[in-house]
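A quick write-up on the structure given underneath.
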Amino acid sequence: MLRFVARRLVSLLVSLAVASCVIFVFVEVVPGDPAAYMLGLNAQEDTLNALREQLGLNGTLLERYLNWVGGMLRGDFGTSYTYRTPVSEMIGERMWISLPLAIYALTLSTLIAFPAGIWAASQRGSLVDVLVMGFTQLGVAIPNFWFAMLMVLLFAINLRWFSAGGFAGWEAGFGPALKSLTLPAIALALPQASILARVMRSSLLDTLGEDYIRTARAKGLSRRQALWRHALRNALIPVLTIIGLQFSFLMAGAIIIENVFYLPGLGRLVFQSIAARDLIVVESVVMLLVFAVIVVNFLVDVAYALVDPRLRVRA
Amino acid sequence: MSLLRVENLDVSIHGTPVLKGVSLALEAGEILGVIGESGSGKSMTALAILQLLPEGARAAGRIALSGHDMLALDEAALCGLRGNEVGMVFQEPMTALNPIQTIGAQVAETIRIHEDVSRKEALARAAQALRRCELPQERFPLSRYPHELSGGQRQRVVIAMAIALQPKLLIADEPTTALDVTTQAEILTLLKRLAREDGMGLMLISHDLAVVADMADRIVIMRQGEVVESGACPAIFGQLTHPYSKALLAASDHQPERAGHVFEAPLLQVKNVVRDYALPRAGLFGGARKFRAVKGVSFDIRRGESLGLVGESGCGKSTLTRAVLGLEEVQGGEILLDGAPVFSGKRPNRAVRRKMHVVFQDPYGSFNPRWKVGRLVAEPFHLLDDAPEGRAAAIAEALEKVGLSGEDAEKYIHEFSGGQRQRIAIARALIIKPELIILDEAVSALDVSIRAQILDLLADLGTRFGLTYLFISHDLSVVRNVTDRCLVMQAGEIVEEGATEDVFERPRHDYTKQLIAAVPQLPSK
């Protein structure tokens with residue numbers, strides 16, 4: 001098991017190095033000179049040069065790459081071209097919205113999907129199954145921003161239970177902060193929960209058809225005991241895969257929902273920075289998101305190995 | 001009072017009857033063999049006794065198991081009996097165990113769900129049960145996972161689970177069908193020993209007459225959901241009355257008539273063939289490792305000859321087959337068909353490839369279900385440079401050769417039974433008029449009566465068209481009946497070679513002796 005984790009860690013580091021190169025080169029080849037963008041069309045050539053010097057844009061490609069990576073390792077993400085504030089601060093603030101939002105949404109999604117999927121699978125063909133399948137179909141089909149707007153109309157404007165948007169801030173206390181993230185989290189969780197419930201159901205149905213379930217029944221286990229003791233853990237592998245993918249998506253893909261609820265999250269930050277050619281912010285946020293995705297994948301791999309002893313030998 | 005008495009059992013699934021008036025009885029300490037081909041209802045009878053019938057099944061009649069009326073009990077009471085009073089062992093040991101639980105936990109579970117004992121005590125008793133099944137804790141710790149065991153060892157774990165509480169009845173449904181012949185012999189001996197030691201009733205279900213005949217005190221022969229004949233064993237084999245039982249016995253040891261002419265000149269020459277597989281590296285900086293599956297094998301097949309290749313799983317016979325077919329490059333030696341290499345310049349040699357064809361084991365998995373039979377049969381035409389004229393006529397001819405009709409070309413494969421599918425596979429092999437046909441376990445998945453028909457067909461085709469066969473099988477009795485010469489393969493090497501009768505009558509190598517001794521014999525011999 002230790003060997004397995006060590007190997008996965010090595011591959012994690014390699015992925016990170018490759019990803020940082022790709023991101024750096026990508027941002028380099030994108031047209032647009034940040035210095036020219038900041039100083040406007042009529043800037044003098046020597047002013048531009050001075051600014052480039054100050055921003056560290058004049059070194060060779062390799063120098064700039066090493067500076068960037070070295071800085072990140074020390075926690076220094078550079079200074080935003082447009083806002084003139086340290087990028088780490090900008091990311092830090094927004095991270096405290098995006099990360100809790102993603103975790104919140106994923107928790108909701110799992111809490112809905114697991115019972116629904118297990119229930120539907122254990123009573124295949126029953127009314128419960130039909131209802132779960134119907135609702136999840138709907139959940140996948142409904143665009144989440146539209147659903148978000150409906151919720152704003154109902155819960156914020158009519159019932160006035162929640163505010164329509166914005167973030168209360170963690171300094172206002174855990175309750176209010178969580179409350180302002182609730183509607184966005186539900187909007188994000190709905191389609192994810194629908195997909196996850198369907199995966200859970202079909203995966204569990206597959207394992208319930210396996211020979212070892214019949215063996216378990218022949219030992220004297222009831223249908224229910226066989227499901228909980230033998231089928232569930234075996235059914236988890238595909239479910240874990242989907243959870244990993246969903247977390248990555250929730251970290252980076254919440255832009256639209258952040259816009260609907262006016263949340264200053266990472267998605268909005270990338271969006272604004274791209275518009276402003278604030279390449280250093282774009283680079284750093286994208287790198288951070290990639291880092292999160294790779295770490296989540298690593299955790300999912302470790303979770304696989306915990307669930308399935310056969311995977312500890314392989315890979 | 002009998003331990004088990006089944007009276008007039010009818011079972012239907014969604015209205016279709018699968019068992020019709022089945023009656024049988026089993027005394028304590030007795031071994032009852034239940035014999036039948038696929039669809040005879042033998043497994044369904046076993047599941048009915050445990051009341052683990054598939055959804056939509058309805059049972060009527062009476063099943064009395066040590067005084068319990070199984071059809072009248074509720075689910076909770078049945079759960080209390082299963083594993084406790086009656087244990088069951090299934091056919092497929094590779095999938096019968098939960099892959100993510102240790103063997104100790106799985107055996108201990110049987111004890112823990114029926115008796116209120118501590119985890120520690122349950123594990124100690126599990127270790128004891130595994131020891132009785134010849135998996136001593138010193139060599140097979142309880143912390144092993146199923147994937148760390150071989151098929152035979154897994155089947156021992158399944159048996160340990162079933163006998164952990166010393167049930168009165170053990171039902172074994174094709175317990176050795178998926179195993180090699182030597183492992184089969186060991187498992188059968190184990191089952192017999194356990195039954196005798198515990199005075200347990202054993203219901204042994206098999207399609208293989210010889211397996212049951214060796215063991216059973218009494219046998220029941222089933223066909224299409226009905227019991228056709230039953231009686232004491234082995235006496236019953238001398239006095240079978242039902243035509244089906246007689247036909248089954250005859251088919252079990254069927255010897256097709258062969259009259260082909262064998263020429264001196266070799267058709268296929270295999271010289272010192274070596275085949276390596278790359279293994280995963282030992283570590284990040286470890287060197288490349290390899291596994292040698294075939295270790296310098298040489299043999300010839302003469303034109304018109306039928307050569308058998310026998311060996312247990314993992315001995316390298318499938319690897320060798322792929323090399324002969326030119327599907328993979330070999331790492332040493334050469335393979336010549338009619339003097340030309342089967343593999344040249346990093347790719348299979350098409351000119352040689354069209355002179356041979358293969359028929360595989362699984363008649364269900366080896367066809368594309370969306371193609372019509374005509375297209376399936378005509379597939380080997382791509383080996384020819386020019387498509388032959390009269391394609392439809394060629395398809396019809398090939399189908400007729402194997403006993404089907406030309407009209408079958410318009411049907412899809414799911415409309416055919418297993419035996420018919422194997423005929424179609426043979427038609428596909430014949431259509432480009434090959435000289436060598438490789439039969440890779442081609443009859444292993446078939447019922448005995450169908451198998452006899454296919455063997456007759458192959459013998460007939462061989463005589464009519466002067467075909468040469470390479471017959472690869474783990475089933476020694478079939479190889480004995482249909483080949484002129486045979487090779488015995490073990491761990492990538494050929495350990496014995498000779499005329500088939502000589503090899504079977506006077507085996508020289510210890511491994512061959514072991515194999516032959518392990519083959520179950522019909523009592524008439």
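Note on naming: chains are A, B, ... as they come in the structure tokens, residues start from 1 per chain, ligands start from 1 in the order shown.
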
Item checked: Distance-based interface of chain A with chain B, 9 Å, counting only C-alpha atoms, as an NGL selection string -> :A and (7 or 210-222 or 230-231 or 233-234 or 307-310)

Can you write just those residues out, N, CA, C and O atoms, as a CSV table (one decimal), in the first residue's frame?
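The resulting file, again_32.csv, is reproduced below:
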```
chain,number,residue,atom,x,y,z
A,7,ARG,N,4.3,5.6,-5.5
A,7,ARG,CA,4.2,5.6,-7.0
A,7,ARG,C,3.3,6.7,-7.5
A,7,ARG,O,3.5,7.4,-8.4
A,210,GLU,N,-23.7,-10.2,-9.6
A,210,GLU,CA,-22.4,-11.0,-9.6
A,210,GLU,C,-22.6,-12.4,-8.9
A,210,GLU,O,-23.5,-12.5,-8.0
A,211,ASP,N,-21.8,-13.3,-9.2
A,211,ASP,CA,-21.8,-14.6,-8.6
A,211,ASP,C,-21.6,-14.6,-7.1
A,211,ASP,O,-22.2,-15.4,-6.4
A,212,TYR,N,-20.7,-13.7,-6.6
A,212,TYR,CA,-20.5,-13.7,-5.2
A,212,TYR,C,-21.6,-13.2,-4.4
A,212,TYR,O,-21.7,-13.5,-3.2
A,213,ILE,N,-22.6,-12.5,-5.0
A,213,ILE,CA,-23.8,-12.2,-4.3
A,213,ILE,C,-24.6,-13.4,-4.1
A,213,ILE,O,-25.2,-13.7,-3.0
A,214,ARG,N,-24.7,-14.3,-5.1
A,214,ARG,CA,-25.4,-15.5,-5.0
A,214,ARG,C,-24.7,-16.4,-3.9
A,214,ARG,O,-25.4,-17.0,-3.1
A,215,THR,N,-23.4,-16.4,-3.9
A,215,THR,CA,-22.7,-17.2,-2.9
A,215,THR,C,-23.1,-16.6,-1.5
A,215,THR,O,-23.3,-17.4,-0.6
A,216,ALA,N,-23.1,-15.3,-1.4
A,216,ALA,CA,-23.5,-14.7,-0.1
A,216,ALA,C,-24.9,-15.1,0.4
A,216,ALA,O,-25.1,-15.4,1.5
A,217,ARG,N,-25.8,-15.2,-0.6
A,217,ARG,CA,-27.2,-15.5,-0.3
A,217,ARG,C,-27.2,-17.0,0.1
A,217,ARG,O,-28.0,-17.4,1.0
A,218,ALA,N,-26.4,-17.8,-0.5
A,218,ALA,CA,-26.4,-19.3,-0.2
A,218,ALA,C,-25.8,-19.5,1.2
A,218,ALA,O,-26.1,-20.5,1.9
A,219,LYS,N,-25.0,-18.5,1.7
A,219,LYS,CA,-24.5,-18.6,3.1
A,219,LYS,C,-25.6,-18.3,4.1
A,219,LYS,O,-25.4,-18.6,5.3
A,220,GLY,N,-26.6,-17.7,3.7
A,220,GLY,CA,-27.7,-17.4,4.6
A,220,GLY,C,-27.9,-15.9,4.8
A,220,GLY,O,-28.7,-15.5,5.7
A,221,LEU,N,-27.2,-15.0,4.0
A,221,LEU,CA,-27.4,-13.6,4.2
A,221,LEU,C,-28.7,-13.2,3.5
A,221,LEU,O,-29.1,-13.8,2.4
A,222,SER,N,-29.4,-12.3,4.1
A,222,SER,CA,-30.7,-11.8,3.4
A,222,SER,C,-30.3,-10.9,2.2
A,222,SER,O,-29.1,-10.5,2.1
A,230,HIS,N,-21.7,-7.0,0.8
A,230,HIS,CA,-20.9,-7.4,-0.3
A,230,HIS,C,-21.0,-6.5,-1.6
A,230,HIS,O,-20.0,-6.4,-2.3
A,231,ALA,N,-22.2,-6.0,-1.9
A,231,ALA,CA,-22.3,-5.3,-3.2
A,231,ALA,C,-21.8,-3.9,-3.1
A,231,ALA,O,-21.1,-3.4,-4.0
A,233,ARG,N,-19.5,-2.0,-1.5
A,233,ARG,CA,-18.2,-1.6,-1.6
A,233,ARG,C,-17.6,-1.9,-3.0
A,233,ARG,O,-16.8,-1.1,-3.6
A,234,ASN,N,-18.1,-3.0,-3.5
A,234,ASN,CA,-17.7,-3.4,-4.9
A,234,ASN,C,-18.2,-2.4,-5.9
A,234,ASN,O,-17.6,-2.2,-7.0
A,307,VAL,N,-10.4,0.7,-1.4
A,307,VAL,CA,-11.6,-0.1,-1.7
A,307,VAL,C,-11.3,-1.5,-2.2
A,307,VAL,O,-11.8,-2.5,-1.8
A,308,ASP,N,-10.3,-1.5,-3.2
A,308,ASP,CA,-10.1,-2.8,-3.9
A,308,ASP,C,-8.6,-3.2,-3.8
A,308,ASP,O,-7.7,-2.6,-4.3
A,309,PRO,N,-8.4,-4.3,-3.0
A,309,PRO,CA,-7.1,-4.8,-2.8
A,309,PRO,C,-6.3,-5.1,-4.1
A,309,PRO,O,-5.1,-5.1,-4.1
A,310,ARG,N,-7.1,-5.5,-5.1
A,310,ARG,CA,-6.4,-5.9,-6.3
A,310,ARG,C,-5.6,-4.7,-7.0
A,310,ARG,O,-4.6,-4.9,-7.6
```

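When only C-alpha atoms are used to measure the gap to Asp484 of chain B, the shortest distance among B:Ala396, B:Val11, B:Ile413, B:Leu309 belongs to B:Leu309.
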
Per residue of segment 77-98 of chain A within 8 Å of segment 282-302 of chain A, note the shortest atom pair and the distance in Å to one decimal, counting only C-alpha atoms, and order the rows by chain and increasing residue number, as CSV.
```
residue,atom,partner,partner_atom,distance
A:Phe77,CA,A:Ser284,CA,6.5
A:Val87,CA,A:Ser284,CA,7.7
A:Ile91,CA,A:Val285,CA,7.1
```

Export of the given selection (all heavy atoms) as a PDB file, in the first residue's frame:
```pdb
ATOM      1  N   PHE A  77       3.003  34.436  -6.028  1.00  0.00           N
ATOM      2  CA  PHE A  77       2.419  34.214  -7.343  1.00  0.00           C
ATOM      3  C   PHE A  77       2.621  35.428  -8.249  1.00  0.00           C
ATOM      4  O   PHE A  77       2.063  35.504  -9.317  1.00  0.00           O
ATOM      5  CB  PHE A  77       0.927  33.898  -7.226  1.00  0.00           C
ATOM      6  CG  PHE A  77       0.662  32.525  -6.686  1.00  0.00           C
ATOM      7  CD1 PHE A  77       0.865  32.230  -5.348  1.00  0.00           C
ATOM      8  CD2 PHE A  77       0.213  31.522  -7.524  1.00  0.00           C
ATOM      9  CE1 PHE A  77       0.624  30.961  -4.860  1.00  0.00           C
ATOM     10  CE2 PHE A  77      -0.028  30.243  -7.030  1.00  0.00           C
ATOM     11  CZ  PHE A  77       0.175  29.958  -5.700  1.00  0.00           C
ATOM     12  N   VAL A  87      -0.921  38.489  -6.477  1.00  0.00           N
ATOM     13  CA  VAL A  87      -1.890  37.517  -6.985  1.00  0.00           C
ATOM     14  C   VAL A  87      -2.307  36.564  -5.862  1.00  0.00           C
ATOM     15  O   VAL A  87      -3.460  36.158  -5.779  1.00  0.00           O
ATOM     16  CB  VAL A  87      -1.296  36.730  -8.171  1.00  0.00           C
ATOM     17  CG1 VAL A  87      -2.267  35.669  -8.644  1.00  0.00           C
ATOM     18  CG2 VAL A  87      -0.951  37.677  -9.285  1.00  0.00           C
ATOM     19  N   ILE A  91      -6.072  35.416  -5.093  1.00  0.00           N
ATOM     20  CA  ILE A  91      -6.519  34.017  -5.141  1.00  0.00           C
ATOM     21  C   ILE A  91      -7.009  33.579  -3.773  1.00  0.00           C
ATOM     22  O   ILE A  91      -8.055  32.942  -3.649  1.00  0.00           O
ATOM     23  CB  ILE A  91      -5.377  33.097  -5.624  1.00  0.00           C
ATOM     24  CG1 ILE A  91      -5.073  33.400  -7.090  1.00  0.00           C
ATOM     25  CG2 ILE A  91      -5.757  31.640  -5.450  1.00  0.00           C
ATOM     26  CD1 ILE A  91      -3.964  32.567  -7.655  1.00  0.00           C
TER      27      ILE A  91
END
```

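The protein and nucleic acid residues lying at most 8 Å from Met200 of chain A are A:Ala113, A:Phe114, A:Gly117, A:Ile118, A:Leu196, A:Ala197, A:Ser203, A:Leu204, A:Ala235, A:Leu236, A:Pro238, A:Val239, with only C-alpha atoms considered and sequence neighbours fewer than 3 positions away removed.
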
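Here the strand (DSSP E or B) residues in segment 343-394 of chain B, by DSSP on the backbone, are Phe343, Ser344, Arg347, Pro348, Met356, His357, Val358, Val359 and Lys372 of chain B.
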
Would you put the residues from that selection into a file with C-alpha atoms, as a compact mmCIF listing (two decimals), in the first residue's frame?
```txt
# COMPACT_ATOMS: atom_id res chain seq x y z
CA PHE B 343 5.18 -14.55 -40.02
CA SER B 344 7.46 -12.53 -42.23
CA ARG B 347 3.46 -9.07 -40.15
CA PRO B 348 1.53 -12.29 -40.77
CA MET B 356 -5.14 -22.41 -42.23
CA HIS B 357 -8.07 -21.43 -40.10
CA VAL B 358 -9.08 -21.62 -36.48
CA VAL B 359 -12.23 -22.54 -34.56
CA LYS B 372 -25.85 -12.03 -40.89
```

Note to self: At a cut-off of 8 Å, using only C-alpha atoms, what residues contact Tyr262 of chain A? Leave out same-chain residues fewer than 3 positions from it and give the result as number ranges by chain.
What the structure shows: A: 165-167, 258-259

Next item on the list: Write down as number ranges by chain the residues belonging to segment 133-246 of chain B that are assigned alpha helix (DSSP H) by DSSP computed on the backbone.
Entry: B: 151-163, 181-198, 209-215, 243-246

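Within 12 Å of Phe271 of chain A, once only C-alpha atoms are used and residues closer than 2 positions along the same chain are dropped, the contacting residues are A:Ala252, A:Gly253, A:Ala254, A:Ile255, A:Ile256, A:Glu258, A:Asn259, A:Pro264, A:Gly265, A:Leu266, A:Gly267, A:Arg268, A:Leu269, A:Ser273, A:Ile274, A:Ala275, A:Ala276, A:Arg277, A:Asp278, A:Leu279, A:Val281, A:Val282, A:Val285, A:Val286.
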
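When the distance limit is 12 Å and only C-alpha atoms are what count, the residues near Asp69 of chain B, minus those fewer than 5 positions from it on the same chain, are Leu3, Leu4, Arg5, Val6, Glu7, Ile49, Leu50, Gln51, Ala60, Gly61, Arg62, Ile63, Ala64, Asp74, Ala77, Leu78 and Leu81 of chain B.
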
Item checked: Distance query segment 221-224 of chain B at most 12 Å, only C-alpha atoms, self and fewer than 3 positions along chain excluded, as a ChimeraX atom specification -> /B:17-24,32-45,204-209,212-213,218,227-233,236-237,240-249

Next item on the list: May I ask for the distance between atom CA of Met200 of chain B and atom CA of Ala25 of chain B, given in Å to one decimal place?
Entry: 14.0 Å
